[in-house]
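The structure appears below as structure tokens.
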Amino acid sequence: MWQVVPEQGGNHMLLDVALPLSLAFIMFSLGYGLTFADFGRVFAMPKAALSGIVLQVCVVPAVAYGLLQLVNLPPALAFGVMILAFCPGGVTSNILTKLSGGNVALSITLTAVVSLMSVATVPVLVGWASDAFLGAAAPDLNVTAIAFSMFAITAIPVLIGLLARFLAGSIADQTEPTVTRVALILFVVIVVAALATNWQLFLENVALLGPLLMAINAILLVLGVVISRVIGLSGADGLCISVEMGVQNAALGITVAGLVAQVGGIPEFAVPAAVYGITMYIVTIPGMFLLRRIFGRA
């Protein structure tokens, strides 16, 4: 039987405030690097953009669900894996796409569009996964409330960052590197806090959870390139879609887990996202260079 381990009330209050604020800043940093033209690329490159959106929203959860049928994870952790799979990419996917030689403009567009779409898609999919994996132990979910909370801590900060760049582009150009670094630091803090809060659970399941998350990551990277090649996209577009599929926003996964659990602090639903915040670099960085070597950019 799974359960959320209680913490000290003061720690709960600190986490309940710091976690959403940290995610809001991370999402602000995403918007701070965007322009309105990034959204227009959906129409400028419709085949690549729409393919990337569909693959990320549909195929990523399907792969995670399929692999979960092959392992015996505790229900709460399996549910946490699905929460992660429902999340869009983040700023990290844009950076890794650039390093891989992928289409950075497409990556920024996919991250922006799917992040805003997640306000609607994630709460609905989380409601389904809660029933599927937790059964009678599933918490009572208010999908509308989760959607509203996600809108407040994801969509609004993205839009504020977007408007800030639009109104003060020269200042944004100068300060964006600093904003990105702060966002990275906050991401690391969120991951460490989630693991520390559930340390015993992490130790008990890391031998199974770690390889599972790495397998999901690797399969998605390969599928992204292969499917892109089959439907006739360029090598650069394929590498971009590969990274966007393989790299999820772990900070959002941790935060959504907290919204779902409806308890103070960071629940065990968040452990998979926290572990993934580490393993995604172990898999994606060598993986993208290998895929680039095999498939190239043609």
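Ligands are numbered from 1 in the order shown, chains are lettered A, B, ... in the order of the structure tokens, and residues start at 1 in each chain.
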Report as a tab-separated table the residues of segment 209-260 of chain A within 12 Å of segment 288-293 of chain A, each with its shortest atom pair and distance in Å (one decimal), using only C-alpha atoms, ordered by chain and increasing residue number.
```
residue	atom	partner	partner_atom	distance
A:Asn217	CA	A:Met288	CA	11.1
A:Ala218	CA	A:Met288	CA	9.6
A:Ile219	CA	A:Leu291	CA	11.8
A:Leu220	CA	A:Met288	CA	11.3
A:Leu221	CA	A:Met288	CA	7.6
A:Val222	CA	A:Leu291	CA	7.5
A:Leu223	CA	A:Leu291	CA	10.7
A:Gly224	CA	A:Leu291	CA	10.2
A:Val225	CA	A:Leu291	CA	7.7
A:Val226	CA	A:Leu291	CA	9.8
A:Ser234	CA	A:Arg292	CA	12.0
A:Gly235	CA	A:Arg292	CA	8.2
A:Ala236	CA	A:Arg292	CA	8.9
A:Asp237	CA	A:Arg292	CA	11.4
A:Gly238	CA	A:Arg292	CA	9.6
A:Leu239	CA	A:Arg292	CA	7.2
A:Cys240	CA	A:Met288	CA	9.6
A:Ile241	CA	A:Met288	CA	11.1
A:Ser242	CA	A:Met288	CA	8.2
A:Val243	CA	A:Met288	CA	7.5
A:Glu244	CA	A:Met288	CA	11.3
A:Met245	CA	A:Met288	CA	11.9
A:Gly246	CA	A:Met288	CA	9.9
A:Val247	CA	A:Met288	CA	11.2
```
Using the selection just defined, write its residues with all heavy atoms as a short mmCIF file (atom, residue, chain, number, x, y, z; two decimals), in the first residue's frame.
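Below is the file result36.cif, written as the result:
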```cif
data_model
loop_
_atom_site.label_atom_id
_atom_site.label_comp_id
_atom_site.auth_asym_id
_atom_site.auth_seq_id
_atom_site.Cartn_x
_atom_site.Cartn_y
_atom_site.Cartn_z
N ASN A 217 13.22 7.05 -22.17
CA ASN A 217 13.97 8.15 -22.77
C ASN A 217 14.63 7.71 -24.08
O ASN A 217 14.49 8.36 -25.13
CB ASN A 217 15.01 8.63 -21.77
CG ASN A 217 15.60 10.00 -22.10
OD1 ASN A 217 16.35 10.55 -21.32
ND2 ASN A 217 15.30 10.54 -23.27
N ALA A 218 15.33 6.57 -24.04
CA ALA A 218 16.06 6.09 -25.22
C ALA A 218 15.10 5.71 -26.35
O ALA A 218 15.34 6.04 -27.52
CB ALA A 218 16.92 4.89 -24.83
N ILE A 219 14.02 5.01 -26.02
CA ILE A 219 13.05 4.61 -27.04
C ILE A 219 12.44 5.83 -27.72
O ILE A 219 12.28 5.87 -28.95
CB ILE A 219 11.96 3.71 -26.42
CG1 ILE A 219 12.55 2.36 -26.04
CG2 ILE A 219 10.79 3.53 -27.38
CD1 ILE A 219 11.61 1.49 -25.23
N LEU A 220 12.10 6.84 -26.93
CA LEU A 220 11.50 8.04 -27.50
C LEU A 220 12.47 8.79 -28.40
O LEU A 220 12.08 9.33 -29.45
CB LEU A 220 11.00 8.95 -26.38
CG LEU A 220 9.79 8.43 -25.60
CD1 LEU A 220 9.50 9.30 -24.39
CD2 LEU A 220 8.56 8.36 -26.51
N LEU A 221 13.74 8.84 -28.01
CA LEU A 221 14.75 9.50 -28.86
C LEU A 221 14.83 8.81 -30.22
O LEU A 221 14.85 9.47 -31.27
CB LEU A 221 16.11 9.48 -28.17
CG LEU A 221 16.30 10.39 -26.95
CD1 LEU A 221 17.65 10.12 -26.30
CD2 LEU A 221 16.18 11.86 -27.35
N VAL A 222 14.87 7.49 -30.20
CA VAL A 222 14.97 6.74 -31.46
C VAL A 222 13.70 6.88 -32.28
O VAL A 222 13.75 7.12 -33.50
CB VAL A 222 15.26 5.25 -31.17
CG1 VAL A 222 15.20 4.44 -32.46
CG2 VAL A 222 16.63 5.09 -30.51
N LEU A 223 12.54 6.76 -31.63
CA LEU A 223 11.27 6.88 -32.34
C LEU A 223 11.13 8.24 -33.01
O LEU A 223 10.63 8.35 -34.14
CB LEU A 223 10.10 6.66 -31.38
CG LEU A 223 9.70 5.22 -31.07
CD1 LEU A 223 8.54 5.21 -30.09
CD2 LEU A 223 9.33 4.48 -32.34
N GLY A 224 11.56 9.29 -32.32
CA GLY A 224 11.44 10.63 -32.88
C GLY A 224 12.15 10.76 -34.21
O GLY A 224 11.61 11.31 -35.18
N VAL A 225 13.38 10.25 -34.28
CA VAL A 225 14.16 10.33 -35.51
C VAL A 225 13.59 9.41 -36.58
O VAL A 225 13.44 9.78 -37.75
CB VAL A 225 15.63 9.99 -35.23
CG1 VAL A 225 16.41 9.87 -36.52
CG2 VAL A 225 16.27 11.07 -34.36
N VAL A 226 13.26 8.18 -36.19
CA VAL A 226 12.79 7.19 -37.16
C VAL A 226 11.45 7.63 -37.78
O VAL A 226 11.28 7.60 -39.01
CB VAL A 226 12.64 5.81 -36.51
CG1 VAL A 226 11.93 4.84 -37.45
CG2 VAL A 226 14.01 5.26 -36.11
N SER A 234 13.23 16.56 -42.60
CA SER A 234 14.68 16.67 -42.71
C SER A 234 15.36 16.10 -41.47
O SER A 234 14.73 15.90 -40.42
CB SER A 234 15.09 18.14 -42.87
OG SER A 234 14.88 18.84 -41.65
N GLY A 235 16.66 15.85 -41.60
CA GLY A 235 17.41 15.33 -40.47
C GLY A 235 17.41 16.27 -39.28
O GLY A 235 17.30 15.84 -38.13
N ALA A 236 17.50 17.58 -39.56
CA ALA A 236 17.48 18.57 -38.48
C ALA A 236 16.14 18.59 -37.76
O ALA A 236 16.06 18.69 -36.54
CB ALA A 236 17.81 19.96 -39.03
N ASP A 237 15.05 18.49 -38.54
CA ASP A 237 13.71 18.43 -37.94
C ASP A 237 13.56 17.16 -37.11
O ASP A 237 12.98 17.17 -36.02
CB ASP A 237 12.63 18.47 -39.01
CG ASP A 237 12.50 19.83 -39.67
OD1 ASP A 237 13.07 20.81 -39.15
OD2 ASP A 237 11.83 19.92 -40.72
N GLY A 238 14.07 16.05 -37.63
CA GLY A 238 13.97 14.77 -36.93
C GLY A 238 14.72 14.78 -35.61
O GLY A 238 14.23 14.27 -34.60
N LEU A 239 15.92 15.36 -35.60
CA LEU A 239 16.69 15.45 -34.36
C LEU A 239 15.97 16.31 -33.34
O LEU A 239 15.95 16.00 -32.15
CB LEU A 239 18.08 16.02 -34.65
CG LEU A 239 19.04 15.07 -35.40
CD1 LEU A 239 20.27 15.83 -35.90
CD2 LEU A 239 19.45 13.91 -34.51
N CYS A 240 15.36 17.39 -33.81
CA CYS A 240 14.59 18.26 -32.92
C CYS A 240 13.43 17.50 -32.30
O CYS A 240 13.24 17.52 -31.08
CB CYS A 240 14.07 19.47 -33.69
SG CYS A 240 12.71 20.34 -32.86
N ILE A 241 12.63 16.84 -33.13
CA ILE A 241 11.47 16.10 -32.63
C ILE A 241 11.90 14.97 -31.70
O ILE A 241 11.25 14.68 -30.69
CB ILE A 241 10.64 15.57 -33.81
CG1 ILE A 241 9.96 16.74 -34.53
CG2 ILE A 241 9.59 14.55 -33.34
CD1 ILE A 241 9.23 16.35 -35.79
N SER A 242 13.03 14.35 -32.01
CA SER A 242 13.58 13.30 -31.15
C SER A 242 13.84 13.82 -29.74
O SER A 242 13.43 13.21 -28.75
CB SER A 242 14.88 12.77 -31.77
OG SER A 242 15.55 11.92 -30.88
N VAL A 243 14.50 14.97 -29.66
CA VAL A 243 14.80 15.55 -28.35
C VAL A 243 13.53 16.01 -27.65
O VAL A 243 13.36 15.80 -26.44
CB VAL A 243 15.80 16.72 -28.49
CG1 VAL A 243 16.00 17.43 -27.15
CG2 VAL A 243 17.15 16.23 -29.02
N GLU A 244 12.61 16.62 -28.39
CA GLU A 244 11.36 17.09 -27.79
C GLU A 244 10.55 15.93 -27.22
O GLU A 244 9.89 16.06 -26.18
CB GLU A 244 10.53 17.85 -28.82
CG GLU A 244 11.06 19.23 -29.16
CD GLU A 244 11.02 20.20 -28.00
OE1 GLU A 244 10.06 20.14 -27.20
OE2 GLU A 244 11.95 21.01 -27.86
N MET A 245 10.60 14.77 -27.88
CA MET A 245 9.89 13.60 -27.36
C MET A 245 10.61 13.01 -26.15
O MET A 245 9.98 12.56 -25.20
CB MET A 245 9.77 12.53 -28.45
CG MET A 245 8.79 12.85 -29.56
SD MET A 245 8.75 11.57 -30.83
CE MET A 245 8.03 10.19 -29.90
N GLY A 246 11.92 13.00 -26.19
CA GLY A 246 12.69 12.32 -25.16
C GLY A 246 12.92 13.12 -23.90
O GLY A 246 13.23 12.56 -22.84
N VAL A 247 12.78 14.45 -23.96
CA VAL A 247 13.09 15.31 -22.82
C VAL A 247 11.80 15.97 -22.31
O VAL A 247 11.17 16.76 -23.01
CB VAL A 247 14.11 16.40 -23.22
CG1 VAL A 247 14.35 17.36 -22.06
CG2 VAL A 247 15.41 15.76 -23.68
#
```
Practice item. Show which residues sit within 7 Å of segment 43-56 of chain A, as JSON, numbers by chain. Count only C-alpha atoms, and ignore same-chain residues fewer than 3 positions away. Key: {"A": [40, 59, 60, 106, 110, 114, 233, 237, 241, 245]}
Atoms kept (N, CA, C and O atoms) for selection, written as a CSV table (one decimal), in the first residue's frame:
```csv
chain,number,residue,atom,x,y,z
A,40,GLY,N,4.0,31.5,-34.7
A,40,GLY,CA,3.6,31.5,-36.1
A,40,GLY,C,4.3,30.4,-37.0
A,40,GLY,O,3.8,30.1,-38.1
A,59,VAL,N,2.3,9.9,-28.5
A,59,VAL,CA,3.2,8.8,-28.5
A,59,VAL,C,4.0,8.7,-27.2
A,59,VAL,O,4.2,7.6,-26.7
A,60,VAL,N,4.4,9.8,-26.6
A,60,VAL,CA,5.2,9.8,-25.4
A,60,VAL,C,4.4,9.0,-24.3
A,60,VAL,O,4.9,8.1,-23.7
A,106,LEU,N,12.3,25.1,-34.6
A,106,LEU,CA,11.2,24.2,-34.5
A,106,LEU,C,11.0,23.7,-33.0
A,106,LEU,O,9.9,23.6,-32.5
A,110,LEU,N,7.7,24.1,-30.7
A,110,LEU,CA,7.1,22.9,-30.1
A,110,LEU,C,7.0,23.1,-28.6
A,110,LEU,O,5.9,22.8,-28.0
A,114,VAL,N,3.2,23.2,-27.0
A,114,VAL,CA,2.8,22.1,-26.2
A,114,VAL,C,2.7,22.5,-24.7
A,114,VAL,O,1.9,22.0,-24.0
A,233,LEU,N,10.5,14.2,-43.1
A,233,LEU,CA,11.1,15.4,-42.5
A,233,LEU,C,12.6,15.4,-42.7
A,233,LEU,O,13.2,14.3,-42.8
A,237,ASP,N,15.0,18.5,-38.5
A,237,ASP,CA,13.7,18.4,-37.9
A,237,ASP,C,13.6,17.2,-37.1
A,237,ASP,O,13.0,17.2,-36.0
A,241,ILE,N,12.6,16.8,-33.1
A,241,ILE,CA,11.5,16.1,-32.6
A,241,ILE,C,11.9,15.0,-31.7
A,241,ILE,O,11.3,14.7,-30.7
A,245,MET,N,10.6,14.8,-27.9
A,245,MET,CA,9.9,13.6,-27.4
A,245,MET,C,10.6,13.0,-26.2
A,245,MET,O,10.0,12.6,-25.2
```
Exercise for review: Find the spatial neighbours of Ala37 of chain A, counting only C-alpha atoms, within a cut-off of 10 Å - ignore same-chain residues fewer than 5 positions away - and output them as JSON, numbers by chain.
Suggested key: {"A": [42, 44, 105, 109]}
Practice item. Could you give me, as number ranges by chain, each residue of segment 8-221 of chain A that DSSP assigns to alpha helix (DSSP H) when run on this structure's backbone? Key: A: 9-32, 36-44, 46-54, 60-68, 75-86, 91-100, 104-134, 143-150, 156-167, 169-197, 199-221
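Close contacts of Ile156 of chain A, defined as residues with an atom at most 12 Å away when counting only C-alpha atoms, with chain neighbours fewer than 5 positions off set aside, comprise Leu23, Ala24, Phe25, Ile26, Met27, Phe28, Ser29, Leu30, Gly31, Tyr32, Ser115, Leu116, Val119, Phe148, Ser149, Met150, Phe151, Gly161, Leu162 and Leu163 of chain A.
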Residues as selected, N, CA and C atoms, written as a PDB file, in the first residue's frame, can you do that?
```
ATOM      1  N   LEU A  23       8.675  26.916 -10.203  1.00  0.00           N
ATOM      2  CA  LEU A  23       8.213  26.499 -11.525  1.00  0.00           C
ATOM      3  C   LEU A  23       7.748  27.711 -12.324  1.00  0.00           C
ATOM      4  N   ALA A  24       7.062  28.636 -11.673  1.00  0.00           N
ATOM      5  CA  ALA A  24       6.589  29.837 -12.374  1.00  0.00           C
ATOM      6  C   ALA A  24       7.771  30.606 -12.959  1.00  0.00           C
ATOM      7  N   PHE A  25       8.870  30.703 -12.213  1.00  0.00           N
ATOM      8  CA  PHE A  25      10.041  31.410 -12.740  1.00  0.00           C
ATOM      9  C   PHE A  25      10.660  30.639 -13.899  1.00  0.00           C
ATOM     10  N   ILE A  26      10.701  29.311 -13.776  1.00  0.00           N
ATOM     11  CA  ILE A  26      11.238  28.487 -14.868  1.00  0.00           C
ATOM     12  C   ILE A  26      10.401  28.690 -16.130  1.00  0.00           C
ATOM     13  N   MET A  27       9.087  28.728 -15.983  1.00  0.00           N
ATOM     14  CA  MET A  27       8.223  28.952 -17.135  1.00  0.00           C
ATOM     15  C   MET A  27       8.358  30.375 -17.653  1.00  0.00           C
ATOM     16  N   PHE A  28       8.571  31.336 -16.759  1.00  0.00           N
ATOM     17  CA  PHE A  28       8.840  32.712 -17.188  1.00  0.00           C
ATOM     18  C   PHE A  28      10.095  32.759 -18.057  1.00  0.00           C
ATOM     19  N   SER A  29      11.118  32.008 -17.646  1.00  0.00           N
ATOM     20  CA  SER A  29      12.365  31.992 -18.425  1.00  0.00           C
ATOM     21  C   SER A  29      12.126  31.406 -19.811  1.00  0.00           C
ATOM     22  N   LEU A  30      11.195  30.451 -19.905  1.00  0.00           N
ATOM     23  CA  LEU A  30      10.832  29.904 -21.213  1.00  0.00           C
ATOM     24  C   LEU A  30      10.199  30.987 -22.083  1.00  0.00           C
ATOM     25  N   GLY A  31       9.224  31.686 -21.525  1.00  0.00           N
ATOM     26  CA  GLY A  31       8.582  32.761 -22.274  1.00  0.00           C
ATOM     27  C   GLY A  31       9.531  33.898 -22.606  1.00  0.00           C
ATOM     28  N   TYR A  32      10.499  34.136 -21.742  1.00  0.00           N
ATOM     29  CA  TYR A  32      11.459  35.231 -21.919  1.00  0.00           C
ATOM     30  C   TYR A  32      12.342  35.001 -23.148  1.00  0.00           C
ATOM     31  N   SER A 115       3.586  23.420 -24.309  1.00  0.00           N
ATOM     32  CA  SER A 115       3.518  23.898 -22.925  1.00  0.00           C
ATOM     33  C   SER A 115       2.183  24.579 -22.657  1.00  0.00           C
ATOM     34  N   LEU A 116       1.722  25.396 -23.590  1.00  0.00           N
ATOM     35  CA  LEU A 116       0.429  26.051 -23.404  1.00  0.00           C
ATOM     36  C   LEU A 116      -0.719  25.043 -23.522  1.00  0.00           C
ATOM     37  N   VAL A 119      -1.917  22.869 -20.340  1.00  0.00           N
ATOM     38  CA  VAL A 119      -2.899  23.348 -19.368  1.00  0.00           C
ATOM     39  C   VAL A 119      -4.212  22.593 -19.527  1.00  0.00           C
ATOM     40  N   PHE A 148      -6.726  25.086 -13.645  1.00  0.00           N
ATOM     41  CA  PHE A 148      -6.593  26.491 -13.253  1.00  0.00           C
ATOM     42  C   PHE A 148      -5.233  26.743 -12.603  1.00  0.00           C
ATOM     43  N   SER A 149      -4.820  25.828 -11.714  1.00  0.00           N
ATOM     44  CA  SER A 149      -3.517  25.978 -11.051  1.00  0.00           C
ATOM     45  C   SER A 149      -2.381  25.922 -12.066  1.00  0.00           C
ATOM     46  N   MET A 150      -2.481  24.995 -13.017  1.00  0.00           N
ATOM     47  CA  MET A 150      -1.455  24.899 -14.049  1.00  0.00           C
ATOM     48  C   MET A 150      -1.405  26.156 -14.904  1.00  0.00           C
ATOM     49  N   PHE A 151      -2.577  26.701 -15.213  1.00  0.00           N
ATOM     50  CA  PHE A 151      -2.621  27.937 -15.992  1.00  0.00           C
ATOM     51  C   PHE A 151      -1.910  29.063 -15.241  1.00  0.00           C
ATOM     52  N   GLY A 161       6.627  36.449 -19.663  1.00  0.00           N
ATOM     53  CA  GLY A 161       7.972  36.469 -20.240  1.00  0.00           C
ATOM     54  C   GLY A 161       7.949  36.876 -21.703  1.00  0.00           C
ATOM     55  N   LEU A 162       6.964  36.373 -22.439  1.00  0.00           N
ATOM     56  CA  LEU A 162       6.814  36.708 -23.853  1.00  0.00           C
ATOM     57  C   LEU A 162       6.561  38.203 -24.033  1.00  0.00           C
ATOM     58  N   LEU A 163       5.685  38.771 -23.215  1.00  0.00           N
ATOM     59  CA  LEU A 163       5.386  40.201 -23.297  1.00  0.00           C
ATOM     60  C   LEU A 163       6.581  41.050 -22.871  1.00  0.00           C
TER      61      LEU A 163
END
```
Practice item. Considering only C-alpha atoms, state which residue in the set A:Leu209, A:Leu259, A:Ile185, A:Ala250 is at the smallest distance from Pro88 of chain A. Key: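 The closest residue to Pro88 of chain A is A:Ala250.
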Exercise for review: Go through A:Gly33, A:Val230, A:Leu134, A:Phe269 one by one, measure the shortest atom-to-atom distance of each to Asn94 of chain A using only C-alpha atoms, and give the residue with the smallest value.
Suggested key: A:Gly33
